[in-house]
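For reference, upload24.txt (compact mmCIF, C-alpha atoms and all ligand atoms):
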# COMPACT_ATOMS: atom_id res chain seq x y z
CA MET A 1 1.59 16.56 70.94
CA LYS A 2 -0.82 14.43 72.90
CA ILE A 3 1.13 11.29 72.04
CA LYS A 4 4.34 12.92 73.15
CA LEU A 5 2.76 13.88 76.43
CA ILE A 6 1.48 10.38 77.04
CA GLY A 7 4.92 9.02 76.12
CA THR A 8 6.54 11.34 78.61
CA LEU A 9 4.06 10.29 81.25
CA ILE A 10 4.77 6.61 80.66
CA VAL A 11 8.50 7.21 80.93
CA PHE A 12 7.88 9.19 84.11
CA VAL A 13 5.87 6.36 85.64
CA LEU A 14 8.44 3.73 84.69
CA VAL A 15 11.33 5.71 86.07
CA ASN A 16 9.65 6.72 89.26
CA PHE A 17 7.70 3.64 90.15
CA GLY A 18 10.10 1.34 88.31
CA TYR A 19 9.48 -2.27 87.59
CA SER A 20 10.25 -4.50 90.43
CA GLY A 21 9.85 -8.18 90.83
CA ASP A 22 9.38 -10.77 93.51
CA VAL A 23 11.91 -13.52 93.96
CA GLU A 24 10.14 -16.67 95.04
CA GLY A 25 11.26 -20.15 95.75
CA LYS A 26 11.23 -23.18 97.93
CA ILE A 27 13.91 -24.88 99.97
CA THR A 28 13.80 -28.65 100.04
CA PHE A 29 15.73 -31.24 102.02
CA ASP A 30 17.02 -34.25 100.12
CA GLY A 31 17.80 -37.07 102.48
CA LYS A 32 16.46 -39.06 105.37
CA ALA A 33 14.62 -36.81 107.79
CA PRO A 34 16.13 -37.14 111.25
CA LYS A 35 13.79 -37.70 114.19
CA MET A 36 13.54 -34.43 116.04
CA LYS A 37 13.61 -35.09 119.77
CA PRO A 38 11.24 -33.32 122.12
CA LEU A 39 12.69 -30.47 124.13
CA ARG A 40 13.08 -31.38 127.77
CA MET A 41 11.96 -28.33 129.65
CA ASP A 42 11.58 -29.98 133.05
CA ALA A 43 14.20 -27.67 134.51
CA ASP A 44 11.64 -24.87 134.57
CA PRO A 45 8.05 -25.80 135.49
CA VAL A 46 6.82 -22.46 134.12
CA CYS A 47 8.11 -23.46 130.69
CA VAL A 48 6.34 -26.82 130.87
CA ALA A 49 3.11 -25.13 131.94
CA ASN A 50 3.33 -22.50 129.20
CA SER A 51 3.72 -24.95 126.34
CA ASP A 52 0.43 -26.29 125.10
CA ILE A 53 2.18 -28.29 122.41
CA LYS A 54 5.15 -30.57 123.01
CA PRO A 55 7.97 -28.49 121.55
CA ARG A 56 10.62 -30.31 119.57
CA LYS A 57 14.15 -29.42 118.72
CA GLU A 58 14.29 -26.86 115.96
CA TRP A 59 17.57 -27.38 114.15
CA LEU A 60 15.77 -28.96 111.19
CA VAL A 61 12.06 -28.33 110.71
CA LEU A 62 10.52 -30.10 107.69
CA ASP A 63 6.98 -30.41 106.42
CA GLU A 64 5.57 -33.59 104.86
CA ASN A 65 7.07 -32.63 101.48
CA TYR A 66 10.50 -31.99 103.01
CA GLY A 67 10.17 -28.23 102.70
CA VAL A 68 12.67 -26.65 105.11
CA LYS A 69 11.42 -24.01 107.52
CA ASN A 70 13.67 -21.31 108.99
CA VAL A 71 16.03 -20.83 106.06
CA LEU A 72 17.17 -17.23 105.78
CA VAL A 73 17.23 -16.32 102.08
CA PHE A 74 18.79 -13.01 101.15
CA ILE A 75 20.35 -11.01 98.34
CA LYS A 76 24.06 -11.24 98.94
CA GLU A 77 25.29 -9.09 96.12
CA SER A 78 24.05 -6.95 93.24
CA LYS A 79 25.94 -7.55 90.00
CA SER A 80 24.24 -4.65 88.26
CA GLY A 81 26.14 -2.12 90.30
CA SER A 82 25.71 -1.62 94.00
CA PHE A 83 22.27 -1.29 95.49
CA ALA A 84 21.33 2.11 94.22
CA ASP A 85 19.45 3.29 97.24
CA ASN A 86 20.50 4.05 100.70
CA TYR A 87 17.78 2.29 102.54
CA ASP A 88 16.42 4.01 105.56
CA SER A 89 15.96 1.83 108.58
CA PRO A 90 12.35 0.71 108.43
CA LYS A 91 9.88 2.15 110.89
CA GLU A 92 8.45 -1.31 111.29
CA VAL A 93 9.60 -2.91 114.51
CA ALA A 94 10.93 -6.47 114.35
CA ILE A 95 9.88 -8.82 117.12
CA LEU A 96 11.70 -11.63 118.88
CA ASP A 97 9.43 -13.19 121.47
CA GLN A 98 10.32 -15.58 124.26
CA ASN A 99 7.16 -17.63 124.31
CA GLY A 100 6.74 -21.12 125.70
CA CYS A 101 10.48 -21.00 126.44
CA VAL A 102 11.42 -20.97 122.77
CA TYR A 103 12.21 -18.01 120.57
CA VAL A 104 9.52 -16.94 118.14
CA PRO A 105 10.61 -16.66 115.39
CA HIS A 106 13.55 -19.06 115.50
CA VAL A 107 15.31 -17.25 112.62
CA LEU A 108 14.98 -13.56 111.93
CA GLY A 109 16.37 -10.92 109.58
CA VAL A 110 16.54 -7.23 110.51
CA MET A 111 17.99 -4.17 108.85
CA VAL A 112 20.83 -2.10 110.19
CA GLY A 113 19.33 0.36 112.66
CA GLN A 114 15.94 -1.33 112.73
CA GLN A 115 14.35 -1.53 116.14
CA LEU A 116 14.12 -5.09 117.44
CA ASP A 117 11.79 -5.58 120.38
CA ILE A 118 12.61 -8.56 122.53
CA LEU A 119 9.53 -9.71 124.40
CA ASN A 120 9.11 -11.95 127.39
CA SER A 121 5.65 -13.53 127.20
CA ASP A 122 6.51 -16.29 129.62
CA GLY A 123 6.27 -14.97 133.15
CA THR A 124 9.60 -16.55 133.98
CA LEU A 125 13.20 -15.38 134.02
CA HIS A 126 14.99 -15.39 130.67
CA ASN A 127 18.43 -14.14 129.89
CA ILE A 128 18.88 -12.85 126.40
CA HIS A 129 22.45 -13.33 125.29
CA ALA A 130 23.28 -12.26 121.74
CA LEU A 131 26.58 -13.52 120.32
CA PRO A 132 27.38 -11.36 117.29
CA LYS A 133 30.96 -11.10 116.08
CA VAL A 134 30.67 -7.77 114.28
CA ASN A 135 27.99 -6.02 116.28
CA LYS A 136 28.17 -5.57 120.03
CA GLU A 137 27.47 -8.58 122.21
CA PHE A 138 24.82 -8.12 124.87
CA ASN A 139 23.66 -10.20 127.74
CA LYS A 140 20.62 -9.04 129.67
CA ALA A 141 18.43 -10.66 132.25
CA MET A 142 14.72 -10.40 131.61
CA PRO A 143 12.95 -11.27 134.85
CA ARG A 144 9.28 -12.08 134.53
CA SER A 145 8.36 -8.49 135.35
CA LYS A 146 10.33 -7.23 132.35
CA LYS A 147 8.11 -7.74 129.35
CA GLN A 148 10.07 -5.92 126.71
CA MET A 149 13.41 -4.43 125.75
CA SER A 150 14.53 -2.84 122.50
CA VAL A 151 17.84 -3.19 120.68
CA THR A 152 19.31 -2.20 117.32
CA PHE A 153 22.30 -3.50 115.39
CA ASP A 154 24.40 -0.95 113.57
CA LYS A 155 26.48 -3.18 111.29
CA VAL A 156 25.75 -5.74 108.59
CA GLU A 157 26.35 -9.23 109.91
CA ALA A 158 25.81 -12.85 108.87
CA PRO A 159 23.37 -14.74 111.09
CA PHE A 160 24.59 -15.07 114.66
CA LYS A 161 23.22 -16.96 117.62
CA VAL A 162 21.07 -15.62 120.40
CA LYS A 163 20.73 -17.84 123.45
CA CYS A 164 19.30 -17.98 126.93
CA ASP A 165 21.66 -18.81 129.77
CA VAL A 166 18.78 -19.95 131.97
CA HIS A 167 17.28 -22.42 129.49
CA PRO A 168 20.09 -24.08 127.56
CA TRP A 169 17.76 -25.41 124.83
CA MET A 170 16.77 -21.89 123.76
CA GLY A 171 18.42 -20.60 120.59
CA ALA A 172 17.60 -18.20 117.77
CA PHE A 173 19.53 -16.70 114.88
CA VAL A 174 19.54 -13.09 113.69
CA GLY A 175 21.02 -11.76 110.44
CA VAL A 176 21.54 -8.01 109.88
CA PHE A 177 21.22 -6.52 106.39
CA GLU A 178 21.83 -3.17 104.74
CA HIS A 179 18.82 -3.65 102.44
CA PRO A 180 15.32 -5.05 102.78
CA TYR A 181 15.80 -8.03 100.45
CA PHE A 182 15.64 -11.01 102.76
CA ALA A 183 13.03 -13.50 103.91
CA VAL A 184 12.72 -16.56 106.13
CA THR A 185 11.08 -19.71 104.78
CA ASP A 186 7.69 -20.64 106.17
CA ASP A 187 6.33 -24.05 107.24
CA SER A 188 6.34 -25.29 103.64
CA GLY A 189 9.90 -24.07 102.97
CA SER A 190 8.69 -21.23 100.72
CA TYR A 191 9.91 -17.65 100.65
CA THR A 192 9.22 -14.42 98.79
CA ILE A 193 11.61 -11.48 98.56
CA SER A 194 9.63 -8.52 97.26
CA GLY A 195 10.42 -5.42 95.28
CA LEU A 196 13.79 -6.16 93.67
CA ALA A 197 14.68 -3.99 90.69
CA PRO A 198 15.44 -5.94 87.50
CA GLY A 199 19.09 -6.91 87.33
CA LYS A 200 21.62 -9.56 88.19
CA TYR A 201 22.14 -10.65 91.75
CA VAL A 202 23.63 -13.34 93.92
CA VAL A 203 21.12 -14.88 96.29
CA GLU A 204 22.10 -16.94 99.32
CA ALA A 205 20.13 -19.44 101.37
CA TRP A 206 21.45 -19.96 104.88
CA HIS A 207 20.47 -22.71 107.29
CA GLU A 208 21.85 -23.11 110.79
CA LYS A 209 22.84 -26.79 110.33
CA LEU A 210 22.70 -27.44 106.60
CA GLY A 211 25.00 -24.57 105.69
CA SER A 212 24.78 -22.04 102.86
CA LYS A 213 24.15 -22.17 99.14
CA THR A 214 24.32 -19.35 96.63
CA ALA A 215 22.98 -18.92 93.10
CA ASP A 216 23.23 -16.32 90.37
CA LEU A 217 19.89 -14.74 89.79
CA THR A 218 18.48 -12.66 86.96
CA VAL A 219 15.43 -10.68 87.97
CA ASP A 220 13.26 -9.36 85.15
CA ASP A 221 9.96 -7.51 85.15
CA SER A 222 8.11 -10.59 86.26
CA GLY A 223 10.52 -11.41 89.05
CA ALA A 224 12.42 -14.68 89.36
CA THR A 225 12.21 -18.13 90.89
CA GLN A 226 15.07 -19.70 92.77
CA ASN A 227 14.79 -23.00 94.58
CA PHE A 228 17.49 -24.66 96.64
CA THR A 229 17.98 -28.25 97.72
CA PHE A 230 19.97 -29.02 100.82
CA THR A 231 21.43 -32.33 101.90
CA LYS A 232 22.65 -33.33 105.32
CA PRO A 233 26.26 -32.24 105.74
CA LYS A 234 28.74 -35.12 105.94
CA LYS A 235 30.07 -35.78 109.40
CA LYS A 236 33.65 -34.68 109.73
CU CU B 301 15.07 -18.58 128.86
Using structure tokens, write down the structure that the file contains.
Amino acid sequence: MKIKLIGTLIVFVLVNFGYSGDVEGKITFDGKAPKMKPLRMDADPVCVANSDIKPRKEWLVLDENYGVKNVLVFIKESKSGSFADNYDSPKEVAILDQNGCVYVPHVLGVMVGQQLDILNSDGTLHNIHALPKVNKEFNKAMPRSKKQMSVTFDKVEAPFKVKCDVHPWMGAFVGVFEHPYFAVTDDSGSYTISGLAPGKYVVEAWHEKLGSKTADLTVDDSGATQNFTFTKPKKK
């Protein structure tokens, strides 16, 4: 009787709190690292004054081991049936800051319906111009007095560009997902996607210049590891 009860309890715990695993990996660049030129911000003295470091172009950010920063890694598809849950939009607010006349972060994932706060930390005029193809385009001035605005995206969409019409060097990318299984690589090119149920998936790594790569992924109780190597795309 006791054993049966314990057995039932174990089954209850497994079903309700289910196993879930982390998908981890690293994105590496294989090739000759291009010299990233400094951003010329002379057009706006406020931008120059606000940057304590000399910002460089951000289309390929590598560490000393050629780890690639700013790769958006996400679960593209579940092969073990559709994602079982309808995910509520998270209460957590995503942030896109305009700081030092660059976007922080440079690449960002949000969920459908998730609040995204766009901040202006710069004390200068920015113009936030989002260029989605599926969601609604918007184009709003943020004078220095306007420190914050909030937006949401109501449809799933592959990463699209956000730019500033005042400062032509400013660019960011936002991807919109129906589930919470996405991550952006850090300085070392590493990422972790947490809490995936065991099963078969397709994972995609997206980079603004290097393109996309996908891989089939089997997640078991201990998670999974998936690395990607990118090379410089051939000039057309
Ligand atoms: Cu700007």
Could you list the protein, DNA and RNA residues that have any atom within 7 Å of ligand CU 301 (chain B), counting only C-alpha atoms and all ligand atoms, and write them as a short mmCIF file (atom, residue, chain, number, x, y, z; two decimals) with C-alpha atoms, keeping the file's coordinate frame?
data_model
loop_
_atom_site.label_atom_id
_atom_site.label_comp_id
_atom_site.auth_asym_id
_atom_site.auth_seq_id
_atom_site.Cartn_x
_atom_site.Cartn_y
_atom_site.Cartn_z
CA CYS A 101 10.48 -21.00 126.44
CA LEU A 125 13.20 -15.38 134.02
CA HIS A 126 14.99 -15.39 130.67
CA ASN A 127 18.43 -14.14 129.89
CA CYS A 164 19.30 -17.98 126.93
CA ASP A 165 21.66 -18.81 129.77
CA VAL A 166 18.78 -19.95 131.97
CA HIS A 167 17.28 -22.42 129.49
CA MET A 170 16.77 -21.89 123.76
#
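What separates atom CA of A:Leu210 from atom CA of A:Asn120 is a distance of 29.3 Å.
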* **stretch 55-62 of chain A surroundings by all atoms listed in the file, 7 Å radius, close-in-sequence under 6 positions cut, as number ranges by chain** => A: 36-39, 68-69, 208-209
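Shortest atom-to-atom contact with A:Val174 among A:Ser194, A:Thr225, A:Thr28, A:Asn70: A:Asn70, counting all atoms listed in the file.
For A:Thr214, the set of protein, DNA and RNA residues having any atom at most 7 Å away, when counting all atoms listed in the file and skipping those fewer than 5 positions along the same chain, is Val202, Val203, Glu204 and Ala205 of chain A.
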* To do: For A:Val219, please output as a PyMOL selection string all residues within 12 Å (counting only C-alpha atoms; exclusion window: fewer than 3 positions along the same chain).
  => chain A and resi 19-24+75+78-80+193-203+216+222-226
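What separates atom CA of A:Val112 from atom CA of A:Gly175 is a distance of 9.7 Å.
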* To do: For A:Val71, please output as an MDAnalysis selection string all residues within 8 Å (counting only C-alpha atoms; exclusion window: fewer than 5 positions along the same chain).
  => chainID A and resid 27 107 184:185 189 205:208
* May I ask for the distance between atom CA of A:Ser51 and atom CA of A:Asn139, given in Å to one decimal place? => 24.8 Å
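Among the candidates A:Asp30, A:Asp122, A:Asp117, A:Asp154, the residue lying nearest to A:Val46 is A:Asp122 (atoms considered: all atoms listed in the file).
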* Shell of 9 Å around A:His129, all atoms listed in the file, local chain residues under 4 positions omitted, as a ChimeraX atom specification -> /A:137-141,161-165
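Counting all atoms listed in the file and comparing A:Trp169, A:Phe177, A:Val93, A:Val102, the residue that lies closest to A:Ala43 is A:Trp169.
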* Asked: Of the candidates A:Gly100, A:Gly31, A:Pro105, A:Pro90, which one gets nearest to A:Asp187 if we count only C-alpha atoms?
  -> A:Pro105
Could you please fill out stretch 44-55 of chain A with N, CA, C and O atoms and send it back as a PDB file, in the frame of the given file?
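out37.pdb, written as the output of this step:
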ATOM      1  N   ASP A  44      12.431 -26.044 134.198  1.00  0.00           N
ATOM      2  CA  ASP A  44      11.640 -24.870 134.570  1.00  0.00           C
ATOM      3  C   ASP A  44      10.158 -25.195 134.420  1.00  0.00           C
ATOM      4  O   ASP A  44       9.632 -25.257 133.319  1.00  0.00           O
ATOM      5  N   PRO A  45       9.479 -25.421 135.549  1.00  0.00           N
ATOM      6  CA  PRO A  45       8.050 -25.800 135.490  1.00  0.00           C
ATOM      7  C   PRO A  45       7.201 -24.766 134.765  1.00  0.00           C
ATOM      8  O   PRO A  45       6.190 -25.124 134.159  1.00  0.00           O
ATOM      9  N   VAL A  46       7.607 -23.492 134.823  1.00  0.00           N
ATOM     10  CA  VAL A  46       6.820 -22.460 134.120  1.00  0.00           C
ATOM     11  C   VAL A  46       6.840 -22.736 132.626  1.00  0.00           C
ATOM     12  O   VAL A  46       5.839 -22.592 131.938  1.00  0.00           O
ATOM     13  N   CYS A  47       7.998 -23.161 132.120  1.00  0.00           N
ATOM     14  CA  CYS A  47       8.110 -23.460 130.690  1.00  0.00           C
ATOM     15  C   CYS A  47       7.199 -24.619 130.308  1.00  0.00           C
ATOM     16  O   CYS A  47       6.521 -24.587 129.281  1.00  0.00           O
ATOM     17  N   VAL A  48       7.189 -25.652 131.149  1.00  0.00           N
ATOM     18  CA  VAL A  48       6.340 -26.820 130.870  1.00  0.00           C
ATOM     19  C   VAL A  48       4.887 -26.389 130.850  1.00  0.00           C
ATOM     20  O   VAL A  48       4.122 -26.737 129.949  1.00  0.00           O
ATOM     21  N   ALA A  49       4.499 -25.576 131.839  1.00  0.00           N
ATOM     22  CA  ALA A  49       3.110 -25.130 131.940  1.00  0.00           C
ATOM     23  C   ALA A  49       2.710 -24.236 130.777  1.00  0.00           C
ATOM     24  O   ALA A  49       1.566 -24.234 130.342  1.00  0.00           O
ATOM     25  N   ASN A  50       3.658 -23.458 130.255  1.00  0.00           N
ATOM     26  CA  ASN A  50       3.330 -22.500 129.200  1.00  0.00           C
ATOM     27  C   ASN A  50       3.235 -23.126 127.814  1.00  0.00           C
ATOM     28  O   ASN A  50       2.771 -22.485 126.881  1.00  0.00           O
ATOM     29  N   SER A  51       3.731 -24.338 127.663  1.00  0.00           N
ATOM     30  CA  SER A  51       3.720 -24.950 126.340  1.00  0.00           C
ATOM     31  C   SER A  51       2.501 -25.830 126.177  1.00  0.00           C
ATOM     32  O   SER A  51       2.389 -26.852 126.838  1.00  0.00           O
ATOM     33  N   ASP A  52       1.602 -25.438 125.307  1.00  0.00           N
ATOM     34  CA  ASP A  52       0.430 -26.290 125.100  1.00  0.00           C
ATOM     35  C   ASP A  52       0.744 -27.409 124.116  1.00  0.00           C
ATOM     36  O   ASP A  52       0.105 -28.432 124.093  1.00  0.00           O
ATOM     37  N   ILE A  53       1.752 -27.192 123.258  1.00  0.00           N
ATOM     38  CA  ILE A  53       2.180 -28.290 122.410  1.00  0.00           C
ATOM     39  C   ILE A  53       3.513 -28.808 122.929  1.00  0.00           C
ATOM     40  O   ILE A  53       4.234 -28.076 123.600  1.00  0.00           O
ATOM     41  N   LYS A  54       3.836 -30.039 122.619  1.00  0.00           N
ATOM     42  CA  LYS A  54       5.150 -30.570 123.010  1.00  0.00           C
ATOM     43  C   LYS A  54       6.189 -30.030 122.034  1.00  0.00           C
ATOM     44  O   LYS A  54       6.262 -30.451 120.892  1.00  0.00           O
ATOM     45  N   PRO A  55       6.978 -29.052 122.477  1.00  0.00           N
ATOM     46  CA  PRO A  55       7.970 -28.490 121.550  1.00  0.00           C
ATOM     47  C   PRO A  55       9.066 -29.496 121.228  1.00  0.00           C
ATOM     48  O   PRO A  55       9.439 -30.307 122.065  1.00  0.00           O
TER      49      PRO A  55
END
